[in-house]
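Listing of upload_33.cif; format and content: mmCIF, C-alpha atoms.
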```
data_data
#
loop_
_atom_site.label_atom_id
_atom_site.label_comp_id
_atom_site.auth_asym_id
_atom_site.auth_seq_id
_atom_site.Cartn_x
_atom_site.Cartn_y
_atom_site.Cartn_z
CA MET S 1 -40.06 18.93 54.34
CA LYS S 2 -36.96 18.56 52.18
CA LEU S 3 -37.00 20.44 48.89
CA ARG S 4 -36.47 19.54 45.26
CA THR S 5 -36.09 21.78 42.24
CA ILE S 6 -38.00 22.27 39.02
CA ASP S 7 -35.58 24.47 37.09
CA ASP S 8 -35.07 27.44 39.44
CA MET S 9 -38.21 26.70 41.44
CA LYS S 10 -37.97 25.10 44.89
CA VAL S 11 -40.79 22.74 45.79
CA SER S 12 -41.44 20.27 48.59
CA ALA S 13 -40.10 16.79 47.83
CA LEU S 14 -43.70 15.60 47.74
CA GLY S 15 -46.50 17.65 46.27
CA TYR S 16 -50.19 17.43 47.03
CA GLY S 17 -52.50 16.30 44.22
CA ALA S 18 -55.88 17.93 44.85
CA MET S 19 -57.86 16.16 42.10
CA GLY S 20 -59.64 13.65 44.31
CA LEU S 21 -61.28 16.36 46.38
CA SER S 22 -63.52 17.19 43.42
CA HIS S 23 -63.07 14.69 40.65
CA ALA S 24 -63.04 10.98 39.84
CA TYR S 25 -62.87 9.60 43.39
CA GLY S 26 -66.50 9.48 44.41
CA GLU S 27 -68.59 12.31 45.84
CA PRO S 28 -66.73 15.64 46.02
CA VAL S 29 -65.57 16.67 49.46
CA GLU S 30 -67.64 19.43 51.03
CA ARG S 31 -66.09 22.82 50.25
CA ASN S 32 -64.99 23.89 53.71
CA GLU S 33 -63.62 20.43 54.47
CA ALA S 34 -61.76 20.31 51.15
CA GLU S 35 -60.12 23.65 51.86
CA ARG S 36 -59.22 22.46 55.38
CA ILE S 37 -57.54 19.38 53.89
CA ILE S 38 -55.52 21.47 51.44
CA ARG S 39 -54.48 23.81 54.21
CA SER S 40 -53.51 20.85 56.41
CA ALA S 41 -51.18 19.66 53.65
CA TYR S 42 -49.52 23.07 53.64
CA GLU S 43 -49.14 22.93 57.41
CA ALA S 44 -47.58 19.46 57.07
CA GLY S 45 -44.84 20.91 54.87
CA TYR S 46 -46.21 20.55 51.35
CA THR S 47 -45.46 23.62 49.23
CA TYR S 48 -46.39 22.27 45.80
CA PHE S 49 -50.07 21.84 44.92
CA ASP S 50 -51.47 20.38 41.72
CA THR S 51 -54.87 20.92 40.14
CA ALA S 52 -56.46 21.28 36.67
CA GLU S 53 -59.26 23.16 34.99
CA VAL S 54 -61.19 19.91 34.33
CA TYR S 55 -61.08 18.65 37.92
CA ARG S 56 -64.71 19.13 38.82
CA GLY S 57 -67.51 17.19 40.39
CA THR S 58 -71.16 17.59 41.29
CA TYR S 59 -72.58 17.66 44.81
CA LYS S 60 -75.87 16.00 45.64
CA ASP S 61 -77.60 19.39 45.53
CA GLY S 62 -76.47 19.85 41.93
CA SER S 63 -73.86 22.51 42.63
CA GLU S 64 -70.33 22.15 41.30
CA SER S 65 -67.06 21.45 43.08
CA ILE S 66 -64.39 23.38 41.17
CA ASN S 67 -60.95 22.17 42.21
CA GLU S 68 -59.00 25.26 41.18
CA GLU S 69 -61.27 27.44 43.30
CA LEU S 70 -60.73 25.21 46.35
CA VAL S 71 -56.96 25.40 45.93
CA GLY S 72 -57.05 29.14 45.37
CA ARG S 73 -59.12 29.86 48.46
CA ALA S 74 -57.21 27.50 50.74
CA LEU S 75 -53.81 28.96 49.82
CA HIS S 76 -54.58 32.59 49.02
CA ASP S 77 -53.01 34.07 52.15
CA VAL S 78 -49.84 31.97 51.74
CA ARG S 79 -49.58 32.36 47.98
CA ASP S 80 -45.98 33.61 48.16
CA LYS S 81 -44.96 30.48 50.09
CA VAL S 82 -46.41 27.84 47.74
CA ARG S 83 -46.14 26.71 44.13
CA ILE S 84 -49.31 25.91 42.21
CA SER S 85 -49.61 23.95 38.99
CA THR S 86 -52.70 23.61 36.86
CA LYS S 87 -53.45 22.23 33.41
CA PHE S 88 -55.09 23.16 30.13
CA GLY S 89 -55.89 21.40 26.91
CA ILE S 90 -58.71 18.92 27.49
CA SER S 91 -62.41 18.80 28.12
CA ILE S 92 -64.40 15.76 29.17
CA ALA S 93 -67.33 14.68 27.00
CA ALA S 94 -69.79 12.07 28.23
CA ASP S 95 -69.80 10.31 24.87
CA ARG S 96 -66.14 10.75 23.87
CA GLY S 97 -64.09 10.88 27.06
CA LEU S 98 -61.08 13.22 26.99
CA VAL S 99 -61.24 15.71 24.14
CA PRO S 100 -57.91 17.48 23.49
CA ASP S 101 -57.85 21.08 22.26
CA SER S 102 -54.69 23.17 22.46
CA ARG S 103 -55.40 25.81 19.86
CA PRO S 104 -53.72 29.09 20.89
CA GLU S 105 -57.02 30.89 21.38
CA VAL S 106 -58.26 28.07 23.62
CA ILE S 107 -55.07 28.18 25.70
CA ARG S 108 -55.50 31.94 26.10
CA ARG S 109 -59.05 31.53 27.38
CA SER S 110 -58.00 28.72 29.68
CA VAL S 111 -55.14 30.57 31.34
CA GLU S 112 -57.28 33.63 32.05
CA ALA S 113 -60.04 31.49 33.53
CA SER S 114 -57.60 29.51 35.67
CA LEU S 115 -55.96 32.67 36.99
CA LYS S 116 -59.39 33.92 38.04
CA ARG S 117 -60.44 30.65 39.68
CA LEU S 118 -57.12 30.35 41.51
CA ASN S 119 -57.37 34.01 42.56
CA THR S 120 -53.75 34.63 41.60
CA ASP S 121 -51.74 36.80 39.21
CA TYR S 122 -49.53 33.99 37.96
CA ILE S 123 -49.34 30.20 37.67
CA ASP S 124 -46.07 28.61 38.77
CA LEU S 125 -46.27 25.61 36.44
CA TYR S 126 -48.76 25.28 33.58
CA TYR S 127 -49.17 21.85 32.00
CA GLN S 128 -50.63 20.80 28.70
CA HIS S 129 -52.90 18.09 30.12
CA ARG S 130 -52.78 15.90 27.01
CA SER S 131 -51.24 16.50 23.59
CA ASP S 132 -53.56 17.63 20.81
CA PRO S 133 -53.01 15.83 17.49
CA ALA S 134 -54.45 18.84 15.65
CA THR S 135 -51.98 21.34 17.15
CA GLU S 136 -48.22 21.09 16.66
CA PRO S 137 -46.06 21.03 19.82
CA GLU S 138 -44.10 24.01 18.48
CA THR S 139 -47.32 26.02 18.36
CA VAL S 140 -48.14 25.17 21.96
CA ALA S 141 -44.60 25.94 23.08
CA GLU S 142 -44.67 29.34 21.39
CA VAL S 143 -47.85 30.26 23.28
CA MET S 144 -46.17 29.14 26.51
CA SER S 145 -43.17 31.34 25.69
CA GLN S 146 -45.50 34.29 25.25
CA LEU S 147 -47.30 33.60 28.54
CA ILE S 148 -43.97 33.39 30.36
CA ARG S 149 -42.88 36.75 28.90
CA GLU S 150 -46.22 38.23 29.99
CA GLY S 151 -45.72 36.91 33.54
CA LYS S 152 -48.93 34.89 33.52
CA ILE S 153 -47.02 31.62 33.97
CA LEU S 154 -43.51 31.03 35.29
CA HIS S 155 -42.83 27.55 33.90
CA TRP S 156 -44.62 25.05 31.72
CA GLY S 157 -44.84 21.31 31.36
CA LEU S 158 -46.38 18.37 29.52
CA SER S 159 -48.41 15.39 30.67
CA GLU S 160 -48.52 11.88 29.18
CA CYS S 161 -46.83 12.65 25.86
CA SER S 162 -44.16 11.01 23.75
CA ALA S 163 -40.41 11.61 23.86
CA GLN S 164 -40.55 13.11 20.38
CA TYR S 165 -43.26 15.55 21.48
CA ILE S 166 -41.15 16.61 24.48
CA GLU S 167 -38.10 17.21 22.27
CA ARG S 168 -40.01 19.25 19.73
CA ALA S 169 -41.68 21.40 22.38
CA ASP S 170 -38.51 21.86 24.42
CA ALA S 171 -36.65 23.10 21.35
CA VAL S 172 -38.98 26.13 21.23
CA CYS S 173 -39.55 26.85 24.94
CA HIS S 174 -37.86 24.90 27.71
CA VAL S 175 -40.14 22.28 29.25
CA SER S 176 -39.62 22.38 33.00
CA ALA S 177 -41.48 19.22 33.97
CA ILE S 178 -43.49 16.33 32.68
CA GLN S 179 -46.35 14.91 34.72
CA ASN S 180 -46.83 11.20 34.06
CA ARG S 181 -48.36 8.21 35.76
CA TYR S 182 -45.51 6.58 37.67
CA SER S 183 -45.44 4.07 40.49
CA MET S 184 -43.95 0.68 41.31
CA MET S 185 -46.78 -0.81 39.27
CA ALA S 186 -46.71 1.58 36.29
CA ARG S 187 -43.16 2.24 35.18
CA SER S 188 -43.30 3.22 31.52
CA ALA S 189 -42.04 6.71 32.46
CA GLU S 190 -38.63 5.19 33.19
CA ALA S 191 -38.00 5.00 29.44
CA LEU S 192 -37.92 8.80 29.49
CA PHE S 193 -35.25 9.10 32.21
CA PRO S 194 -32.31 9.62 29.80
CA LEU S 195 -34.18 12.35 27.93
CA LEU S 196 -35.25 14.09 31.14
CA GLU S 197 -31.69 14.07 32.43
CA LYS S 198 -30.29 15.35 29.15
CA ARG S 199 -32.76 18.22 28.98
CA HIS S 200 -32.97 18.95 32.74
CA ILE S 201 -36.67 18.19 33.01
CA ALA S 202 -38.33 17.11 36.26
CA LEU S 203 -40.74 14.18 36.52
CA VAL S 204 -43.86 14.91 38.56
CA ALA S 205 -45.39 11.52 39.31
CA PHE S 206 -49.15 11.27 39.47
CA SER S 207 -50.85 8.19 40.93
CA PRO S 208 -47.59 7.28 42.74
CA LEU S 209 -49.47 4.83 44.95
CA ALA S 210 -51.18 3.07 42.02
CA ASN S 211 -54.40 4.90 42.85
CA GLY S 212 -54.19 3.75 46.47
CA PHE S 213 -53.39 0.09 45.81
CA LEU S 214 -49.88 0.40 47.27
CA THR S 215 -51.24 1.58 50.61
CA SER S 216 -52.57 -1.93 51.31
CA GLY S 217 -54.34 -3.28 48.25
CA ALA S 218 -57.48 -3.99 50.24
CA HIS S 219 -59.84 -1.53 48.60
CA SER S 220 -63.20 -1.94 46.95
CA PHE S 221 -64.98 0.73 44.95
CA ALA S 222 -67.91 -1.34 43.78
CA GLY S 223 -71.19 0.44 44.23
CA SER S 224 -69.82 3.92 43.54
CA GLY S 225 -72.18 4.22 40.59
CA GLY S 226 -69.29 5.13 38.34
CA LYS S 227 -68.33 8.17 40.44
CA ASP S 228 -65.09 6.55 41.57
CA TYR S 229 -63.19 5.50 38.47
CA ARG S 230 -61.06 3.05 40.44
CA ASP S 231 -63.96 0.60 40.32
CA THR S 232 -62.84 -0.29 36.77
CA MET S 233 -59.12 -0.57 37.52
CA PRO S 234 -57.75 -4.10 37.25
CA GLN S 235 -55.43 -3.88 40.24
CA PHE S 236 -58.49 -3.79 42.49
CA THR S 237 -59.95 -7.03 41.13
CA GLU S 238 -59.31 -10.30 42.93
CA GLU S 239 -56.79 -11.28 40.27
CA GLY S 240 -55.06 -7.93 40.51
CA ARG S 241 -54.69 -8.23 44.27
CA GLU S 242 -53.27 -11.73 43.93
CA ARG S 243 -50.67 -10.58 41.41
CA GLY S 244 -49.66 -7.65 43.60
CA GLN S 245 -49.56 -9.47 46.94
CA ALA S 246 -45.84 -10.30 46.92
CA LEU S 247 -45.03 -6.63 46.35
CA LEU S 248 -47.38 -5.54 49.11
CA ASP S 249 -45.76 -8.05 51.48
CA LEU S 250 -42.27 -6.69 50.74
CA ILE S 251 -43.39 -3.09 51.18
CA GLU S 252 -45.09 -3.92 54.46
CA ARG S 253 -41.93 -5.60 55.77
CA LEU S 254 -39.78 -2.59 54.91
CA ALA S 255 -42.38 -0.29 56.45
CA ALA S 256 -42.25 -2.24 59.71
CA GLU S 257 -38.45 -2.05 59.74
CA LYS S 258 -38.49 1.71 59.21
CA ASN S 259 -41.50 2.43 61.41
CA CYS S 260 -43.55 4.05 58.67
CA THR S 261 -46.48 3.23 56.41
CA SER S 262 -46.47 1.12 53.27
CA ALA S 263 -47.42 4.25 51.34
CA ALA S 264 -44.33 6.06 52.64
CA ILE S 265 -42.10 3.20 51.45
CA SER S 266 -43.71 3.30 48.01
CA LEU S 267 -43.07 7.04 47.77
CA ALA S 268 -39.55 6.77 49.19
CA TRP S 269 -38.72 4.21 46.50
CA MET S 270 -39.08 6.81 43.76
CA LEU S 271 -37.62 9.65 45.82
CA ASN S 272 -34.49 7.58 46.38
CA LYS S 273 -34.35 6.54 42.73
CA LYS S 274 -33.90 9.99 41.14
CA ASP S 275 -33.52 13.45 42.64
CA TYR S 276 -35.70 15.03 39.96
CA ILE S 277 -38.79 12.93 40.74
CA ILE S 278 -41.56 14.68 42.69
CA PRO S 279 -44.52 12.43 43.55
CA ILE S 280 -47.90 14.10 44.08
CA PRO S 281 -50.07 11.73 46.12
CA GLY S 282 -53.56 12.90 46.91
CA SER S 283 -55.61 11.97 49.95
CA LYS S 284 -58.75 13.14 51.67
CA ASN S 285 -57.38 11.94 55.02
CA VAL S 286 -55.23 14.46 56.90
CA ASN S 287 -53.42 11.75 58.86
CA ARG S 288 -52.43 10.00 55.65
CA ILE S 289 -51.22 13.28 54.18
CA ARG S 290 -48.91 13.63 57.18
CA GLU S 291 -47.81 10.00 56.98
CA ASN S 292 -46.98 10.40 53.31
CA ALA S 293 -44.81 13.42 54.11
CA ALA S 294 -42.52 11.14 56.13
CA ALA S 295 -41.36 9.57 52.85
CA ALA S 296 -39.12 12.58 52.23
CA ASP S 297 -36.92 11.53 55.16
CA ILE S 298 -36.73 7.79 54.44
CA VAL S 299 -33.43 6.50 53.11
CA LEU S 300 -33.53 3.21 51.23
CA SER S 301 -30.21 1.46 50.84
CA ALA S 302 -28.97 0.18 47.49
CA ASP S 303 -29.79 -3.34 48.68
CA GLU S 304 -33.33 -2.38 49.63
CA LEU S 305 -33.90 -0.68 46.28
CA GLU S 306 -32.53 -3.77 44.55
CA GLN S 307 -34.93 -6.02 46.49
CA ILE S 308 -37.87 -3.96 45.26
CA ASP S 309 -36.63 -3.56 41.69
CA SER S 310 -35.81 -7.24 41.38
CA LEU S 311 -39.34 -8.18 42.40
CA LEU S 312 -40.78 -5.61 40.00
CA GLU S 313 -38.79 -7.05 37.09
CA LYS S 314 -40.13 -10.54 37.77
CA SER S 315 -43.74 -9.51 38.31
CA ASP S 316 -46.62 -9.09 35.91
CA PHE S 317 -48.97 -6.63 37.55
CA LEU S 318 -52.42 -5.65 36.43
CA VAL S 319 -52.65 -1.87 36.50
CA PHE S 320 -54.79 0.86 35.04
CA GLY S 321 -54.01 1.12 31.35
CA GLY S 322 -52.95 -2.51 30.98
CA ASN S 323 -50.06 -4.63 32.12
CA ARG S 324 -46.92 -2.98 33.38
CA ILE S 325 -44.38 -1.87 30.79
CA VAL S 326 -40.82 -2.78 31.76
CA ARG S 327 -37.93 -0.38 31.19
#
```
Take the structure in this file and express it as structure tokens.
Amino acid sequence: MKLRTIDDMKVSALGYGAMGLSHAYGEPVERNEAERIIRSAYEAGYTYFDTAEVYRGTYKDGSESINEELVGRALHDVRDKVRISTKFGISIAADRGLVPDSRPEVIRRSVEASLKRLNTDYIDLYYQHRSDPATEPETVAEVMSQLIREGKILHWGLSECSAQYIERADAVCHVSAIQNRYSMMARSAEALFPLLEKRHIALVAFSPLANGFLTSGAHSFAGSGGKDYRDTMPQFTEEGRERGQALLDLIERLAAEKNCTSAAISLAWMLNKKDYIIPIPGSKNVNRIRENAAAADIVLSADELEQIDSLLEKSDFLVFGGNRIVR
């Protein structure tokens, strides 16, 4: 697969997001199968793998699926050939949702635990999962600077934070990447493009397929008992599908012309838009992982990009987190 750069670090143009193997997308995948899927992504050319300390799920027997451990085991013997990112800074409480905590002592405990679970001596890219209102960005950045000097992490990044937060953190210790929700149907990250370009920061795009909607739109997660959080996402309602149908039709037409999948077109759209964007789709299906990899080789002309962007500007999609935010 073609490569992109995050500072001095070479990564595959698409990364693999491992979250869904353990967390948020229904029952966790059985351990051996999950590790086989991760390994298949590596064999398909993916060299960048993303996980987090909170990506966990529970099997029917009550045992825990720990995502970092799956990634660590699957890639241990090729560790020098891959880049691994993980995240710190939140816990998940049943009654409060995401609970941020980026106190220095908490970060220290988190990095040591992640290193152990990943079975590695260093983390290539360490993200603050969500900003902590009680901890200044300069404080977090100083801890990251220390961890880099100690060799425990090589680079660090931020996820879903404001431009001001990025600037304040980057002034203390260079932020190598931000990881934000970004897809054709969720484009608020585009407001950050000028800042990212000015400060040489990569954009790692999570949910680049709108949580699977842009593969075909025809999904239903009703009956998951709350284990698949897509069952509450508005794009998967009847109204959401109706609003997104014109976009799906355009993507499908371009996919037919280029002999690829709709998902590959959706990924190619952002790859062709900026050379510092690295989407990290996740899938449990090995064939889809391979199909997604084809996006790295798809060239969309200026006219084709304009067709898509023009439709996006005129559309009012329903997406997770509310209606789309235009640039």
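Atom to atom, CA of Met144 (chain S) and CA of Val172 (chain S) stand 9.4 Å apart.
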For the structure shown, which residues end up in the PyMOL selection byres ((chain S and resi 120-122) around 12)? Put them as a tab-separated table (two decimals) with C-alpha atoms, in the frame of the given file, please?
```tsv
chain	number	residue	atom	x	y	z
S	68	GLU	CA	-59.00	25.26	41.18
S	69	GLU	CA	-61.27	27.44	43.30
S	71	VAL	CA	-56.96	25.40	45.93
S	72	GLY	CA	-57.05	29.14	45.37
S	73	ARG	CA	-59.12	29.86	48.46
S	75	LEU	CA	-53.81	28.96	49.82
S	76	HIS	CA	-54.58	32.59	49.02
S	77	ASP	CA	-53.01	34.07	52.15
S	78	VAL	CA	-49.84	31.97	51.74
S	79	ARG	CA	-49.58	32.36	47.98
S	80	ASP	CA	-45.98	33.61	48.16
S	82	VAL	CA	-46.41	27.84	47.74
S	83	ARG	CA	-46.14	26.71	44.13
S	84	ILE	CA	-49.31	25.91	42.21
S	85	SER	CA	-49.61	23.95	38.99
S	86	THR	CA	-52.70	23.61	36.86
S	111	VAL	CA	-55.14	30.57	31.34
S	112	GLU	CA	-57.28	33.63	32.05
S	113	ALA	CA	-60.04	31.49	33.53
S	114	SER	CA	-57.60	29.51	35.67
S	115	LEU	CA	-55.96	32.67	36.99
S	116	LYS	CA	-59.39	33.92	38.04
S	117	ARG	CA	-60.44	30.65	39.68
S	118	LEU	CA	-57.12	30.35	41.51
S	119	ASN	CA	-57.37	34.01	42.56
S	123	ILE	CA	-49.34	30.20	37.67
S	124	ASP	CA	-46.07	28.61	38.77
S	125	LEU	CA	-46.27	25.61	36.44
S	126	TYR	CA	-48.76	25.28	33.58
S	147	LEU	CA	-47.30	33.60	28.54
S	148	ILE	CA	-43.97	33.39	30.36
S	149	ARG	CA	-42.88	36.75	28.90
S	150	GLU	CA	-46.22	38.23	29.99
S	151	GLY	CA	-45.72	36.91	33.54
S	152	LYS	CA	-48.93	34.89	33.52
S	153	ILE	CA	-47.02	31.62	33.97
S	154	LEU	CA	-43.51	31.03	35.29
S	155	HIS	CA	-42.83	27.55	33.90
S	156	TRP	CA	-44.62	25.05	31.72
```
Box centre and edge lengths (Å, one decimal), axis-aligned, region 159-174 of chain S plus 3 Å each side, as JSON:
```
{"center_x": -42.6, "center_y": 18.9, "center_z": 25.2, "size_x": 17.9, "size_y": 21.8, "size_z": 16.9}
```
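For the pair CA of Glu257 (chain S) and CA of Glu291 (chain S), the interatomic distance is 15.5 Å.
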Among the residues S:His23, S:Arg130, S:Lys2, S:Lys10, the one that comes closest to Ala202 (chain S) [using all atoms listed in the file]
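Looking only at the distances to Ala202 (chain S), the closest residue turns out to be S:Lys10.
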Applying 8 Å and only C-alpha atoms, which residues near Tyr59 (chain S) remain after dropping the ones on its own chain fewer than 3 positions away? List them as a PyMOL selection string.
chain S and resi 27-28+62-65
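Using all atoms listed in the file, the protein and nucleic acid residues lying at most 9 Å from the point (-43.9, 15.2, 27.1) are Gln128, Arg130, Ser131, Gly157, Leu158, Ser159, Glu160, Cys161, Ser162, Ala163, Gln164, Tyr165, Ile166, Glu167, Ala169, Asp170, Val175, Ala177, Ile178, Gln179 and Asn180 of chain S.
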Quick check on the file I pasted: which residues fall under the PyMOL selection byres ((chain S and resi 279) around 10)? Write them as a PDB file with C-alpha atoms, in the frame of the given file.
```
ATOM      1  CA  SER S  12     -41.440  20.270  48.590  1.00  0.00           C
ATOM      2  CA  ALA S  13     -40.100  16.790  47.830  1.00  0.00           C
ATOM      3  CA  LEU S  14     -43.700  15.600  47.740  1.00  0.00           C
ATOM      4  CA  GLY S  15     -46.500  17.650  46.270  1.00  0.00           C
ATOM      5  CA  TYR S  16     -50.190  17.430  47.030  1.00  0.00           C
ATOM      6  CA  GLY S  17     -52.500  16.300  44.220  1.00  0.00           C
ATOM      7  CA  GLN S 179     -46.350  14.910  34.720  1.00  0.00           C
ATOM      8  CA  ASN S 180     -46.830  11.200  34.060  1.00  0.00           C
ATOM      9  CA  ARG S 181     -48.360   8.210  35.760  1.00  0.00           C
ATOM     10  CA  TYR S 182     -45.510   6.580  37.670  1.00  0.00           C
ATOM     11  CA  SER S 183     -45.440   4.070  40.490  1.00  0.00           C
ATOM     12  CA  LEU S 203     -40.740  14.180  36.520  1.00  0.00           C
ATOM     13  CA  VAL S 204     -43.860  14.910  38.560  1.00  0.00           C
ATOM     14  CA  ALA S 205     -45.390  11.520  39.310  1.00  0.00           C
ATOM     15  CA  PHE S 206     -49.150  11.270  39.470  1.00  0.00           C
ATOM     16  CA  SER S 207     -50.850   8.190  40.930  1.00  0.00           C
ATOM     17  CA  PRO S 208     -47.590   7.280  42.740  1.00  0.00           C
ATOM     18  CA  LEU S 209     -49.470   4.830  44.950  1.00  0.00           C
ATOM     19  CA  LEU S 267     -43.070   7.040  47.770  1.00  0.00           C
ATOM     20  CA  ALA S 268     -39.550   6.770  49.190  1.00  0.00           C
ATOM     21  CA  MET S 270     -39.080   6.810  43.760  1.00  0.00           C
ATOM     22  CA  LEU S 271     -37.620   9.650  45.820  1.00  0.00           C
ATOM     23  CA  TYR S 276     -35.700  15.030  39.960  1.00  0.00           C
ATOM     24  CA  ILE S 277     -38.790  12.930  40.740  1.00  0.00           C
ATOM     25  CA  ILE S 278     -41.560  14.680  42.690  1.00  0.00           C
ATOM     26  CA  ILE S 280     -47.900  14.100  44.080  1.00  0.00           C
ATOM     27  CA  PRO S 281     -50.070  11.730  46.120  1.00  0.00           C
ATOM     28  CA  GLY S 282     -53.560  12.900  46.910  1.00  0.00           C
TER      29      GLY S 282
END
```
Show which residues sit within 12 Å of region 302-315 of chain S, as number ranges by chain. Count all atoms listed in the file, and ignore same-chain residues fewer than 5 positions away.
S: 183-187, 240, 242-255, 257-258, 265-266, 268-274, 323-327
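With all atoms listed in the file as the atoms that count, the minimum distance from Asp50 (chain S) to the choices S:His129, S:His174, S:Arg96, S:Arg288 is reached by S:His129.
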